[in-house]
>>> print(open('input-v9.cif').read())   # mmCIF, C-alpha atoms
data_run
#
loop_
_atom_site.label_atom_id
_atom_site.label_comp_id
_atom_site.auth_asym_id
_atom_site.auth_seq_id
_atom_site.Cartn_x
_atom_site.Cartn_y
_atom_site.Cartn_z
CA MET A 1 -13.64 -19.57 6.79
CA GLU A 2 -13.35 -15.81 7.27
CA GLU A 3 -16.27 -13.56 6.35
CA ILE A 4 -15.46 -11.88 3.05
CA LYS A 5 -18.40 -9.55 2.64
CA ASN A 6 -17.28 -5.99 1.89
CA LEU A 7 -17.91 -3.97 5.03
CA GLU A 8 -16.75 -0.39 5.53
CA THR A 9 -13.81 -0.37 7.92
CA PRO A 10 -13.42 2.70 10.17
CA LYS A 11 -10.23 4.60 10.86
CA ILE A 12 -8.20 3.18 7.99
CA PRO A 13 -5.88 5.48 6.08
CA ARG A 14 -6.64 7.67 3.13
CA MET A 15 -3.91 9.57 1.36
CA ASN A 16 -3.85 13.38 1.49
CA HIS A 17 -6.01 14.82 -1.29
CA GLY A 18 -5.23 17.43 -3.91
CA ILE A 19 -1.95 18.54 -5.47
CA GLY A 20 -0.63 20.77 -2.68
CA ASP A 21 2.73 20.61 -0.94
CA GLN A 22 1.51 18.02 1.61
CA SER A 23 -0.55 15.97 -0.85
CA TYR A 24 0.04 12.34 -1.70
CA ALA A 25 0.24 13.32 -5.36
CA LYS A 26 3.33 15.43 -4.62
CA ASN A 27 4.87 13.02 -2.08
CA SER A 28 4.63 9.53 -3.56
CA ILE A 29 8.03 9.33 -5.24
CA SER A 30 9.06 6.07 -3.57
CA GLN A 31 5.73 4.47 -4.55
CA SER A 32 6.44 5.50 -8.14
CA LYS A 33 9.87 3.87 -7.96
CA TYR A 34 8.35 0.63 -6.67
CA GLN A 35 5.97 0.70 -9.65
CA SER A 36 8.88 1.19 -12.03
CA GLY A 37 10.78 -1.64 -10.36
CA SER A 38 7.82 -4.00 -10.72
CA ARG A 39 7.23 -3.07 -14.38
CA PRO A 40 9.16 -6.05 -15.90
CA MET A 41 7.18 -8.58 -13.86
CA LEU A 42 3.92 -6.79 -14.64
CA ARG A 43 4.64 -6.84 -18.38
CA ARG A 44 5.56 -10.55 -18.31
CA ALA A 45 2.35 -11.41 -16.46
CA VAL A 46 0.17 -9.47 -18.92
CA ALA A 47 1.99 -11.04 -21.88
CA ALA A 48 1.36 -14.50 -20.41
CA LEU A 49 -2.32 -13.64 -20.03
CA CYS A 50 -2.51 -12.63 -23.69
CA ALA A 51 -0.96 -15.94 -24.73
CA GLY A 52 -3.95 -17.81 -23.31
CA ASP A 53 -7.48 -18.30 -24.59
CA LEU A 54 -9.29 -15.08 -23.69
CA PRO A 55 -12.62 -13.50 -24.67
CA THR A 56 -12.91 -10.34 -26.75
CA SER A 57 -13.67 -8.32 -23.63
CA ILE A 58 -11.14 -8.19 -20.76
CA ALA A 59 -11.68 -6.87 -17.23
CA VAL A 60 -8.75 -5.39 -15.31
CA ALA A 61 -8.75 -4.06 -11.74
CA ASP A 62 -6.21 -1.88 -9.93
CA LEU A 63 -6.78 -2.25 -6.19
CA GLY A 64 -5.69 0.64 -3.96
CA CYS A 65 -5.14 2.96 -6.93
CA SER A 66 -4.98 6.11 -4.75
CA SER A 67 -4.56 9.38 -6.69
CA GLY A 68 -1.90 11.52 -8.28
CA PRO A 69 0.57 10.56 -11.03
CA ASN A 70 0.83 6.91 -9.90
CA ALA A 71 -2.91 6.17 -10.09
CA LEU A 72 -2.98 5.28 -13.81
CA PHE A 73 0.59 4.00 -14.25
CA ALA A 74 -0.19 0.28 -14.01
CA ILE A 75 -3.34 0.50 -16.11
CA SER A 76 -1.35 2.24 -18.84
CA GLU A 77 1.27 -0.53 -18.78
CA ILE A 78 -1.37 -3.28 -18.84
CA VAL A 79 -3.33 -1.75 -21.71
CA ASN A 80 -0.20 -1.14 -23.80
CA VAL A 81 1.01 -4.73 -23.42
CA ILE A 82 -2.42 -6.14 -24.27
CA HIS A 83 -2.57 -4.14 -27.48
CA ARG A 84 0.95 -5.11 -28.50
CA ARG A 85 0.44 -8.80 -27.77
CA TRP A 86 -3.15 -9.35 -28.79
CA ARG A 87 -3.68 -11.47 -31.88
CA GLY A 88 -6.33 -10.06 -34.19
CA ASP A 89 -8.64 -7.17 -33.41
CA PRO A 90 -7.92 -5.52 -30.03
CA PRO A 91 -10.34 -6.44 -27.25
CA GLU A 92 -12.67 -4.18 -25.39
CA LEU A 93 -11.23 -3.30 -21.99
CA MET A 94 -13.15 -2.78 -18.77
CA VAL A 95 -10.86 -1.06 -16.26
CA PHE A 96 -11.82 -0.79 -12.58
CA LEU A 97 -10.01 1.64 -10.29
CA ASN A 98 -10.52 0.72 -6.64
CA ASP A 99 -9.76 2.45 -3.39
CA LEU A 100 -11.58 3.42 -0.21
CA ALA A 101 -14.57 5.71 -0.62
CA GLU A 102 -12.56 8.56 0.95
CA ASN A 103 -9.99 8.42 -1.87
CA ASP A 104 -9.59 11.48 -4.10
CA PHE A 105 -11.33 9.87 -7.07
CA ASN A 106 -12.23 13.27 -8.51
CA SER A 107 -8.60 14.07 -9.31
CA VAL A 108 -8.21 10.63 -10.92
CA PHE A 109 -11.30 11.10 -13.08
CA ARG A 110 -10.17 14.56 -14.16
CA GLY A 111 -7.08 12.97 -15.70
CA LEU A 112 -8.90 10.22 -17.62
CA SER A 113 -9.45 12.17 -20.85
CA LYS A 114 -5.74 12.88 -21.25
CA PHE A 115 -4.95 9.31 -20.18
CA CYS A 116 -7.13 7.83 -22.94
CA GLU A 117 -5.70 10.22 -25.52
CA ASN A 118 -2.16 9.12 -24.60
CA LEU A 119 -3.14 5.45 -24.86
CA LYS A 120 -4.67 6.01 -28.27
CA GLU A 121 -1.53 7.77 -29.47
CA LYS A 122 0.76 5.00 -28.17
CA ASN A 123 -1.34 2.29 -29.79
CA GLY A 124 -1.55 3.72 -33.27
CA GLY A 125 -4.99 5.24 -32.85
CA MET A 126 -6.57 1.88 -31.99
CA LEU A 127 -7.58 2.77 -28.47
CA GLY A 128 -10.17 5.44 -27.76
CA LEU A 129 -12.95 6.09 -25.33
CA GLY A 130 -15.18 3.73 -27.31
CA ASP A 131 -13.24 0.56 -26.45
CA CYS A 132 -11.66 1.30 -23.08
CA PHE A 133 -14.25 1.74 -20.34
CA ILE A 134 -13.04 3.00 -16.95
CA ALA A 135 -14.99 3.00 -13.68
CA GLY A 136 -14.27 3.74 -10.04
CA VAL A 137 -15.08 1.08 -7.45
CA PRO A 138 -15.04 2.37 -3.84
CA GLY A 139 -14.59 -0.13 -1.02
CA SER A 140 -12.10 -2.23 0.91
CA PHE A 141 -10.21 -4.88 -1.04
CA TYR A 142 -10.29 -7.04 2.08
CA GLY A 143 -13.77 -8.06 0.95
CA ARG A 144 -15.65 -8.78 -2.27
CA LEU A 145 -15.73 -5.98 -4.82
CA PHE A 146 -16.73 -7.69 -8.08
CA PRO A 147 -19.03 -10.47 -9.34
CA CYS A 148 -17.80 -14.06 -9.48
CA LYS A 149 -15.38 -14.89 -12.31
CA SER A 150 -15.47 -11.36 -13.71
CA LEU A 151 -11.80 -10.30 -13.64
CA HIS A 152 -8.92 -11.38 -15.87
CA PHE A 153 -6.12 -9.34 -14.31
CA VAL A 154 -5.64 -7.71 -10.91
CA HIS A 155 -2.90 -5.28 -9.93
CA SER A 156 -2.13 -3.68 -6.59
CA SER A 157 0.85 -1.56 -5.58
CA SER A 158 1.87 -0.04 -2.23
CA SER A 159 -1.42 -0.94 -0.58
CA LEU A 160 -1.47 -4.41 0.99
CA HIS A 161 0.87 -3.42 3.82
CA TRP A 162 -2.06 -1.38 5.20
CA LEU A 163 -4.18 -3.57 7.45
CA SER A 164 -7.96 -3.47 7.56
CA GLN A 165 -7.77 -2.29 11.17
CA VAL A 166 -5.49 -1.97 14.17
CA PRO A 167 -5.22 -5.44 15.73
CA PRO A 168 -8.11 -5.60 18.25
CA GLU A 169 -5.80 -7.12 20.87
CA LEU A 170 -3.96 -3.78 21.14
CA LYS A 171 -6.98 -1.84 22.28
CA SER A 172 -6.81 -1.05 25.99
CA GLU A 173 -9.33 -2.87 28.15
CA LYS A 174 -11.51 -0.57 30.18
CA GLY A 175 -11.28 -1.21 33.89
CA ASN A 176 -7.87 -2.83 34.09
CA GLY A 177 -5.79 -0.03 32.52
CA ARG A 178 -3.63 -2.47 30.59
CA ILE A 179 -1.71 -0.88 27.71
CA ARG A 180 0.02 -3.44 25.50
CA ASN A 181 2.20 -1.15 23.37
CA LYS A 182 2.78 1.79 25.70
CA GLY A 183 4.43 4.83 24.16
CA LYS A 184 4.71 3.18 20.74
CA ILE A 185 2.68 3.58 17.56
CA PHE A 186 3.92 0.44 15.81
CA ILE A 187 6.06 -2.64 16.42
CA SER A 188 9.47 -1.84 17.90
CA LYS A 189 12.36 -3.77 19.38
CA THR A 190 10.95 -3.11 22.87
CA SER A 191 7.40 -4.21 22.02
CA PRO A 192 6.23 -7.30 23.93
CA SER A 193 5.81 -10.51 21.94
CA GLU A 194 2.01 -10.30 22.22
CA VAL A 195 2.07 -7.04 20.22
CA ILE A 196 4.15 -8.62 17.46
CA GLU A 197 1.85 -11.66 17.40
CA ALA A 198 -1.22 -9.42 17.23
CA TYR A 199 0.11 -7.63 14.14
CA TYR A 200 1.14 -10.89 12.51
CA GLY A 201 -2.26 -12.39 13.24
CA GLN A 202 -4.08 -9.41 11.73
CA PHE A 203 -1.93 -9.64 8.60
CA LYS A 204 -2.73 -13.34 8.18
CA LYS A 205 -6.45 -12.71 8.61
CA ASP A 206 -6.48 -9.78 6.18
CA PHE A 207 -4.28 -11.39 3.53
CA ASN A 208 -6.40 -14.54 3.64
CA CYS A 209 -9.55 -12.45 3.14
CA PHE A 210 -7.89 -10.66 0.23
CA LEU A 211 -6.93 -13.93 -1.46
CA LYS A 212 -10.31 -15.58 -0.85
CA SER A 213 -12.14 -12.55 -2.25
CA ARG A 214 -9.97 -12.46 -5.37
CA SER A 215 -10.31 -16.23 -5.80
CA LYS A 216 -14.04 -15.68 -6.25
CA GLU A 217 -13.61 -12.78 -8.67
CA VAL A 218 -10.69 -13.85 -10.90
CA VAL A 219 -11.31 -16.33 -13.73
CA ASN A 220 -9.30 -19.56 -13.93
CA GLY A 221 -6.05 -18.68 -15.67
CA GLY A 222 -6.37 -15.05 -14.59
CA ARG A 223 -3.41 -13.29 -13.01
CA MET A 224 -2.44 -10.89 -10.25
CA VAL A 225 0.69 -8.80 -9.67
CA LEU A 226 0.97 -7.43 -6.14
CA THR A 227 3.61 -5.04 -4.80
CA PHE A 228 3.74 -4.16 -1.11
CA ARG A 229 6.20 -3.39 1.66
CA GLY A 230 7.74 -6.46 3.25
CA ARG A 231 10.71 -7.98 5.05
CA ARG A 232 13.57 -10.06 3.67
CA GLN A 233 14.53 -11.34 7.13
CA PRO A 234 12.52 -13.23 9.77
CA ASP A 235 13.27 -10.69 12.53
CA PRO A 236 9.90 -8.91 13.03
CA CYS A 237 11.57 -5.68 14.16
CA PRO A 238 14.42 -4.85 11.77
CA ASP A 239 15.36 -1.22 11.28
CA GLU A 240 14.27 -1.53 7.64
CA SER A 241 10.70 -1.96 8.85
CA CYS A 242 10.61 -0.07 12.14
CA LEU A 243 13.13 2.79 12.18
CA LEU A 244 10.85 5.46 10.71
CA TRP A 245 7.98 4.43 13.00
CA ASP A 246 10.37 4.65 15.99
CA TYR A 247 11.32 8.18 14.92
CA LEU A 248 7.65 9.14 14.63
CA GLY A 249 6.93 7.55 18.02
CA LEU A 250 9.68 9.66 19.59
CA ALA A 251 8.15 12.77 18.04
CA PHE A 252 4.79 11.85 19.59
CA GLN A 253 6.44 11.36 22.98
CA HIS A 254 8.02 14.80 22.68
CA LEU A 255 4.55 16.30 22.23
CA VAL A 256 3.34 14.43 25.32
CA HIS A 257 6.17 15.97 27.34
CA GLN A 258 5.24 19.39 26.00
CA GLY A 259 1.63 18.87 27.04
CA LEU A 260 0.28 19.08 23.49
CA ILE A 261 -1.28 15.62 23.65
CA GLU A 262 -2.36 13.38 26.52
CA GLU A 263 -0.26 10.33 27.32
CA GLU A 264 -3.39 8.17 27.31
CA LYS A 265 -4.17 9.32 23.77
CA LEU A 266 -0.75 8.17 22.59
CA ASP A 267 -0.99 4.86 24.45
CA ASN A 268 -4.21 4.11 22.57
CA TYR A 269 -2.88 4.93 19.11
CA ASN A 270 -1.39 2.20 16.91
CA THR A 271 -0.82 2.18 13.16
CA PRO A 272 -2.73 -0.36 11.01
CA TYR A 273 0.35 -1.35 9.04
CA TYR A 274 2.50 -4.47 8.71
CA GLU A 275 5.47 -5.56 6.61
CA PRO A 276 5.31 -9.37 6.29
CA TYR A 277 8.34 -11.62 5.98
CA VAL A 278 8.66 -12.95 2.43
CA GLU A 279 8.44 -16.58 3.56
CA ASP A 280 5.23 -15.82 5.47
CA VAL A 281 3.73 -14.37 2.30
CA LYS A 282 4.58 -17.55 0.39
CA ARG A 283 3.15 -19.69 3.17
CA GLU A 284 -0.16 -17.81 3.29
CA ILE A 285 -0.61 -17.98 -0.50
CA GLU A 286 0.09 -21.70 -0.52
CA LYS A 287 -2.21 -22.29 2.47
CA GLU A 288 -5.15 -20.46 0.85
CA GLY A 289 -4.55 -22.53 -2.27
CA SER A 290 -6.35 -20.63 -5.04
CA PHE A 291 -3.26 -19.07 -6.64
CA LYS A 292 0.11 -20.36 -7.81
CA ILE A 293 3.21 -18.23 -7.27
CA GLU A 294 4.73 -17.63 -10.70
CA ASN A 295 7.45 -15.26 -9.52
CA LEU A 296 8.48 -13.33 -6.41
CA GLU A 297 11.11 -10.63 -6.26
CA ILE A 298 12.40 -8.05 -3.79
CA ILE A 299 12.85 -4.36 -4.56
CA ALA A 300 15.08 -2.39 -2.20
CA LEU A 301 15.19 1.40 -2.44
CA ALA A 302 18.11 3.31 -0.94
CA TRP A 303 17.58 5.45 2.16
CA ASP A 304 17.23 8.53 -0.06
CA GLY A 305 14.76 6.80 -2.40
CA VAL A 306 12.10 9.36 -1.48
CA ASN A 307 14.03 11.94 -3.50
CA LYS A 308 13.54 12.41 -7.22
CA ASP A 309 16.02 10.69 -9.51
CA GLY A 310 19.01 12.88 -10.18
CA GLU A 311 18.76 14.85 -6.95
CA SER A 312 22.00 14.93 -5.00
CA TYR A 313 21.88 13.12 -1.67
CA GLU A 314 21.81 15.39 1.37
CA ARG A 315 20.48 14.11 4.67
CA SER A 316 18.60 17.29 5.54
CA ARG A 317 16.87 17.28 2.13
CA THR A 318 16.04 13.60 2.44
CA THR A 319 14.60 13.92 5.94
CA GLN A 320 12.37 16.81 4.85
CA GLN A 321 11.07 14.78 1.91
CA MET A 322 10.69 11.69 4.13
CA ALA A 323 8.59 13.66 6.60
CA LYS A 324 6.31 14.88 3.80
CA ALA A 325 5.91 11.33 2.46
CA ILE A 326 5.05 9.93 5.91
CA GLN A 327 2.65 12.82 6.57
CA ALA A 328 0.88 12.33 3.24
CA VAL A 329 -0.17 8.79 4.17
CA ASN A 330 -0.67 9.15 7.95
CA GLU A 331 -2.12 12.61 8.45
CA SER A 332 -5.80 11.65 8.15
CA MET A 333 -5.50 9.00 10.90
CA ILE A 334 -3.48 11.28 13.16
CA ARG A 335 -5.93 14.17 12.78
CA THR A 336 -8.87 11.87 13.54
CA HIS A 337 -7.30 10.58 16.76
CA PHE A 338 -5.39 13.59 18.11
CA GLY A 339 -6.86 16.66 16.42
CA ASP A 340 -5.54 19.22 13.94
CA HIS A 341 -3.32 21.12 16.34
CA ILE A 342 -0.50 18.57 16.53
CA ILE A 343 0.26 18.10 12.83
CA ASP A 344 2.80 20.90 12.36
CA PRO A 345 4.75 20.42 15.61
CA LEU A 346 4.67 16.64 15.22
CA PHE A 347 6.24 16.53 11.77
CA LYS A 348 8.65 19.35 12.57
CA ARG A 349 9.96 17.27 15.49
CA PHE A 350 9.92 14.11 13.36
CA THR A 351 12.17 15.83 10.81
CA GLN A 352 14.55 17.04 13.52
CA ILE A 353 14.86 13.55 15.03
CA MET A 354 15.66 11.99 11.65
CA GLU A 355 18.18 14.67 10.78
CA ALA A 356 19.98 14.31 14.12
CA ASP A 357 20.52 10.57 13.64
CA THR A 358 22.97 8.92 11.24
CA LYS A 359 21.21 5.63 10.53
CA GLU A 360 20.30 4.79 6.98
CA VAL A 361 18.14 1.84 5.97
CA GLU A 362 16.83 0.49 2.69
CA HIS A 363 13.10 0.50 2.01
CA VAL A 364 12.02 -2.98 0.94
CA SER A 365 9.02 -4.09 -1.10
CA LEU A 366 7.94 -7.52 -2.33
CA VAL A 367 6.58 -8.11 -5.84
CA VAL A 368 4.64 -11.33 -6.42
CA SER A 369 3.09 -12.60 -9.63
CA LEU A 370 0.20 -15.05 -9.15
CA LEU A 371 -1.75 -17.37 -11.46
CA ARG A 372 -5.34 -18.36 -10.62
CA ASN A 373 -5.51 -22.16 -10.48
#
>>> encode(input="input-v9.cif", output="structure tokens")
Amino acid sequence: MEEIKNLETPKIPRMNHGIGDQSYAKNSISQSKYQSGSRPMLRRAVAALCAGDLPTSIAVADLGCSSGPNALFAISEIVNVIHRRWRGDPPELMVFLNDLAENDFNSVFRGLSKFCENLKEKNGGMLGLGDCFIAGVPGSFYGRLFPCKSLHFVHSSSSLHWLSQVPPELKSEKGNGRIRNKGKIFISKTSPSEVIEAYYGQFKKDFNCFLKSRSKEVVNGGRMVLTFRGRRQPDPCPDESCLLWDYLGLAFQHLVHQGLIEEEKLDNYNTPYYEPYVEDVKREIEKEGSFKIENLEIIALAWDGVNKDGESYERSRTTQQMAKAIQAVNESMIRTHFGDHIIDPLFKRFTQIMEADTKEVEHVSLVVSLLRN
């Protein structure tokens, strides 16, 4: 059995803070669209929860809430459904917002007053600060976060594709100079099988820890709705999963050739990210055994899904927005490993590489609704 204590994990991503041009808040359009796409399943799961025998106080957790306009979307949906479906007096709600300690919780908390006012207005004045209690919970969801049998509903969106760490097998071994994923920052079609297996193994370990931790925390009959990037085909290196990482890898290599970064630095940089095959997700849930799959769907965004709805498609516009979106979630890791000086030239080159190509791929996420046995 894997250790499921909550330990701080170094060098894992945090989204760019604030509301500036490069912030996650301004560059999380595709994540918002995944949330909208998962809304029907989320509402059905909450309605099913309300149909059961529940106490007068309900605890809800959003894991990997991040910041910006998406941070309170799911909680708003959950609370609204509970108040529409609840029989009798509305329950007290304890809402937990979780992310890593480095998350921009301050911006989330600043928006809570308006959030609660909106909820009260939508629910006929029944919901105010007196019966909806909201707290931040910093820490990794790959370990325990809450007491046993304390949660009734768990939500997570656009988070579980981030691994707890880079697979340890990819770290170069001092003395023998062996580099397992040379010149790459993620899985690619030219990556050796041992690299692919290392990523797959890390996913299985992390996802198992996630499920075991939640199995301790969620009451019997409780529910989870999870949305994360995934694959609809068994090929571990489809363009849908790897194309953007290949583009970014080429941009890194360009900086090596220019002398802006050392080749050894690039060879020792890999991204803690993985898009699992849908059948592997099912298999891991069934193997862990604490949750039953109620529903599983696939959401596929078009290549230009990073643009706002209603914006006309134009490759140059899309590549600029894509670069901002990738920068918003990767910049903190890149700065930590390479330094501040490469950010501007790296993403300028990344944009140029994307714009020069003609490939277009869909961006795929999985949505799974789970029932605690």
>>> atom_distance(input="input-v9.cif", atom1="CA of Ser150 (chain A)", atom2="CA of Ser290 (chain A)")
15.6 Å
>>> closest_atom_pairs(input="input-v9.cif", of="region 39-65 of chain A", to="region 72-96 of chain A", cutoff="8 Å", atoms="only C-alpha atoms", output="Markdown table")
| residue | atom | partner | partner_atom | distance |
| --- | --- | --- | --- | --- |
| A:Arg39 | CA | A:Glu77 | CA | 7.8 |
| A:Leu42 | CA | A:Ile78 | CA | 7.6 |
| A:Arg43 | CA | A:Val81 | CA | 6.6 |
| A:Val46 | CA | A:Ile78 | CA | 6.4 |
| A:Ala47 | CA | A:Arg85 | CA | 6.5 |
| A:Cys50 | CA | A:Trp86 | CA | 6.1 |
| A:Ala51 | CA | A:Arg85 | CA | 7.9 |
| A:Pro55 | CA | A:Pro91 | CA | 7.9 |
| A:Thr56 | CA | A:Pro91 | CA | 4.7 |
| A:Ser57 | CA | A:Glu92 | CA | 4.6 |
| A:Ile58 | CA | A:Leu93 | CA | 5.0 |
| A:Ala59 | CA | A:Met94 | CA | 4.6 |
| A:Val60 | CA | A:Val95 | CA | 4.9 |
| A:Ala61 | CA | A:Phe96 | CA | 4.6 |
| A:Asp62 | CA | A:Phe96 | CA | 6.3 |
| A:Cys65 | CA | A:Leu72 | CA | 7.6 |
>>> residues_around(input="input-v9.cif", residues="Tyr273 (chain A)", least_positions_apart="2", cutoff="12 Å", atoms="all atoms listed in the file", output="VMD selection string")
chain A and resid 12 to 13 158 to 167 185 to 187 196 198 to 200 202 to 203 206 228 to 230 241 to 242 245 270 to 271 275 to 276 329 to 330
>>> write_last_selection(input="input-v9.cif", atoms="C-alpha atoms", output="compact mmCIF listing (two decimals), in the frame of the given file")
# COMPACT_ATOMS: atom_id res chain seq x y z
CA ILE A 12 -8.20 3.18 7.99
CA PRO A 13 -5.88 5.48 6.08
CA SER A 158 1.87 -0.04 -2.23
CA SER A 159 -1.42 -0.94 -0.58
CA LEU A 160 -1.47 -4.41 0.99
CA HIS A 161 0.87 -3.42 3.82
CA TRP A 162 -2.06 -1.38 5.20
CA LEU A 163 -4.18 -3.57 7.45
CA SER A 164 -7.96 -3.47 7.56
CA GLN A 165 -7.77 -2.29 11.17
CA VAL A 166 -5.49 -1.97 14.17
CA PRO A 167 -5.22 -5.44 15.73
CA ILE A 185 2.68 3.58 17.56
CA PHE A 186 3.92 0.44 15.81
CA ILE A 187 6.06 -2.64 16.42
CA ILE A 196 4.15 -8.62 17.46
CA ALA A 198 -1.22 -9.42 17.23
CA TYR A 199 0.11 -7.63 14.14
CA TYR A 200 1.14 -10.89 12.51
CA GLN A 202 -4.08 -9.41 11.73
CA PHE A 203 -1.93 -9.64 8.60
CA ASP A 206 -6.48 -9.78 6.18
CA PHE A 228 3.74 -4.16 -1.11
CA ARG A 229 6.20 -3.39 1.66
CA GLY A 230 7.74 -6.46 3.25
CA SER A 241 10.70 -1.96 8.85
CA CYS A 242 10.61 -0.07 12.14
CA TRP A 245 7.98 4.43 13.00
CA ASN A 270 -1.39 2.20 16.91
CA THR A 271 -0.82 2.18 13.16
CA GLU A 275 5.47 -5.56 6.61
CA PRO A 276 5.31 -9.37 6.29
CA VAL A 329 -0.17 8.79 4.17
CA ASN A 330 -0.67 9.15 7.95
>>> closest_residue(input="input-v9.cif", among="A:His341, A:Leu346, A:Asp309, A:Ser156", to="Gln327 (chain A)", atoms="only C-alpha atoms")
A:Leu346
>>> atom_distance(input="input-v9.cif", atom1="CA of Leu97 (chain A)", atom2="CA of Ser140 (chain A)")
12.0 Å
>>> residues_around(input="input-v9.cif", residues="Asp267 (chain A)", least_positions_apart="4", cutoff="12 Å", atoms="all atoms listed in the file", output="ChimeraX atom specification")
/A:170-173,177-186,249,252-253,256,261-263,271,337-338
>>> atom_distance(input="input-v9.cif", atom1="CA of Asp357 (chain A)", atom2="CA of Gly305 (chain A)")
17.5 Å
>>> closest_residue(input="input-v9.cif", among="A:Tyr34, A:Phe105, A:Trp303, A:Phe141", to="Leu63 (chain A)", atoms="all atoms listed in the file")
A:Phe141
>>> closest_atom_pairs(input="input-v9.cif", of="region 126-155 of chain A", to="region 212-220 of chain A", cutoff="10 Å", atoms="all atoms listed in the file", output="CSV")
residue,atom,partner,partner_atom,distance
A:Phe141,CA,A:Ser213,CA,8.0
A:Tyr142,CA,A:Ser213,CA,7.2
A:Gly143,CA,A:Ser213,CA,5.7
A:Arg144,CA,A:Ser213,CA,5.2
A:Leu145,CA,A:Ser213,CA,7.9
A:Phe146,CA,A:Glu217,CA,6.0
A:Pro147,CA,A:Glu217,CA,5.9
A:Cys148,CA,A:Glu217,CA,4.5
A:Lys149,CA,A:Val219,CA,4.5
A:Ser150,CA,A:Glu217,CA,5.6
A:Leu151,CA,A:Val218,CA,4.6
A:His152,CA,A:Val218,CA,5.8
A:Phe153,CA,A:Val218,CA,7.3
A:Val154,CA,A:Val218,CA,7.9
>>> resolve_selection(input="input-v9.cif", expression="the PyMOL selection byres ((chain A and resi 349) around 12)", output="list in words")
Tyr247, Leu248, Gly249, Leu250, Ala251, Phe252, Gln253, His254, Leu255, Gln258, Thr319, Gln320, Ala323, Ile342, Ile343, Asp344, Pro345, Leu346, Phe347, Lys348, Phe350, Thr351, Gln352, Ile353, Met354, Glu355 and Ala356 of chain A
>>> resolve_selection(input="input-v9.cif", expression="the PyMOL selection byres ((chain A and resi 116) around 10)", output="list of chain:residue names")
A:Ser76, A:Gly111, A:Leu112, A:Ser113, A:Lys114, A:Phe115, A:Glu117, A:Asn118, A:Leu119, A:Lys120, A:Glu121, A:Lys122, A:Leu127, A:Gly128, A:Leu129, A:Cys132, A:Phe133, A:Ile134
>>> closest_residue(input="input-v9.cif", among="A:Phe207, A:Ser28, A:Met333, A:Thr358", to="Ser316 (chain A)", atoms="all atoms listed in the file")
A:Thr358
>>> residues_near_point(input="input-v9.cif", point="(-0.8, -17.8, 6.3)", cutoff="12 Å", atoms="all atoms listed in the file", output="list in words")
Tyr200, Gly201, Gln202, Phe203, Lys204, Lys205, Asp206, Phe207, Asn208, Cys209, Phe210, Leu211, Pro276, Tyr277, Val278, Glu279, Asp280, Val281, Lys282, Arg283, Glu284, Ile285, Glu286, Lys287, Glu288 and Gly289 of chain A
>>> write_last_selection(input="input-v9.cif", atoms="C-alpha atoms", output="tab-separated table (two decimals), in the frame of the given file")
chain	number	residue	atom	x	y	z
A	200	TYR	CA	1.14	-10.89	12.51
A	201	GLY	CA	-2.26	-12.39	13.24
A	202	GLN	CA	-4.08	-9.41	11.73
A	203	PHE	CA	-1.93	-9.64	8.60
A	204	LYS	CA	-2.73	-13.34	8.18
A	205	LYS	CA	-6.45	-12.71	8.61
A	206	ASP	CA	-6.48	-9.78	6.18
A	207	PHE	CA	-4.28	-11.39	3.53
A	208	ASN	CA	-6.40	-14.54	3.64
A	209	CYS	CA	-9.55	-12.45	3.14
A	210	PHE	CA	-7.89	-10.66	0.23
A	211	LEU	CA	-6.93	-13.93	-1.46
A	276	PRO	CA	5.31	-9.37	6.29
A	277	TYR	CA	8.34	-11.62	5.98
A	278	VAL	CA	8.66	-12.95	2.43
A	279	GLU	CA	8.44	-16.58	3.56
A	280	ASP	CA	5.23	-15.82	5.47
A	281	VAL	CA	3.73	-14.37	2.30
A	282	LYS	CA	4.58	-17.55	0.39
A	283	ARG	CA	3.15	-19.69	3.17
A	284	GLU	CA	-0.16	-17.81	3.29
A	285	ILE	CA	-0.61	-17.98	-0.50
A	286	GLU	CA	0.09	-21.70	-0.52
A	287	LYS	CA	-2.21	-22.29	2.47
A	288	GLU	CA	-5.15	-20.46	0.85
A	289	GLY	CA	-4.55	-22.53	-2.27
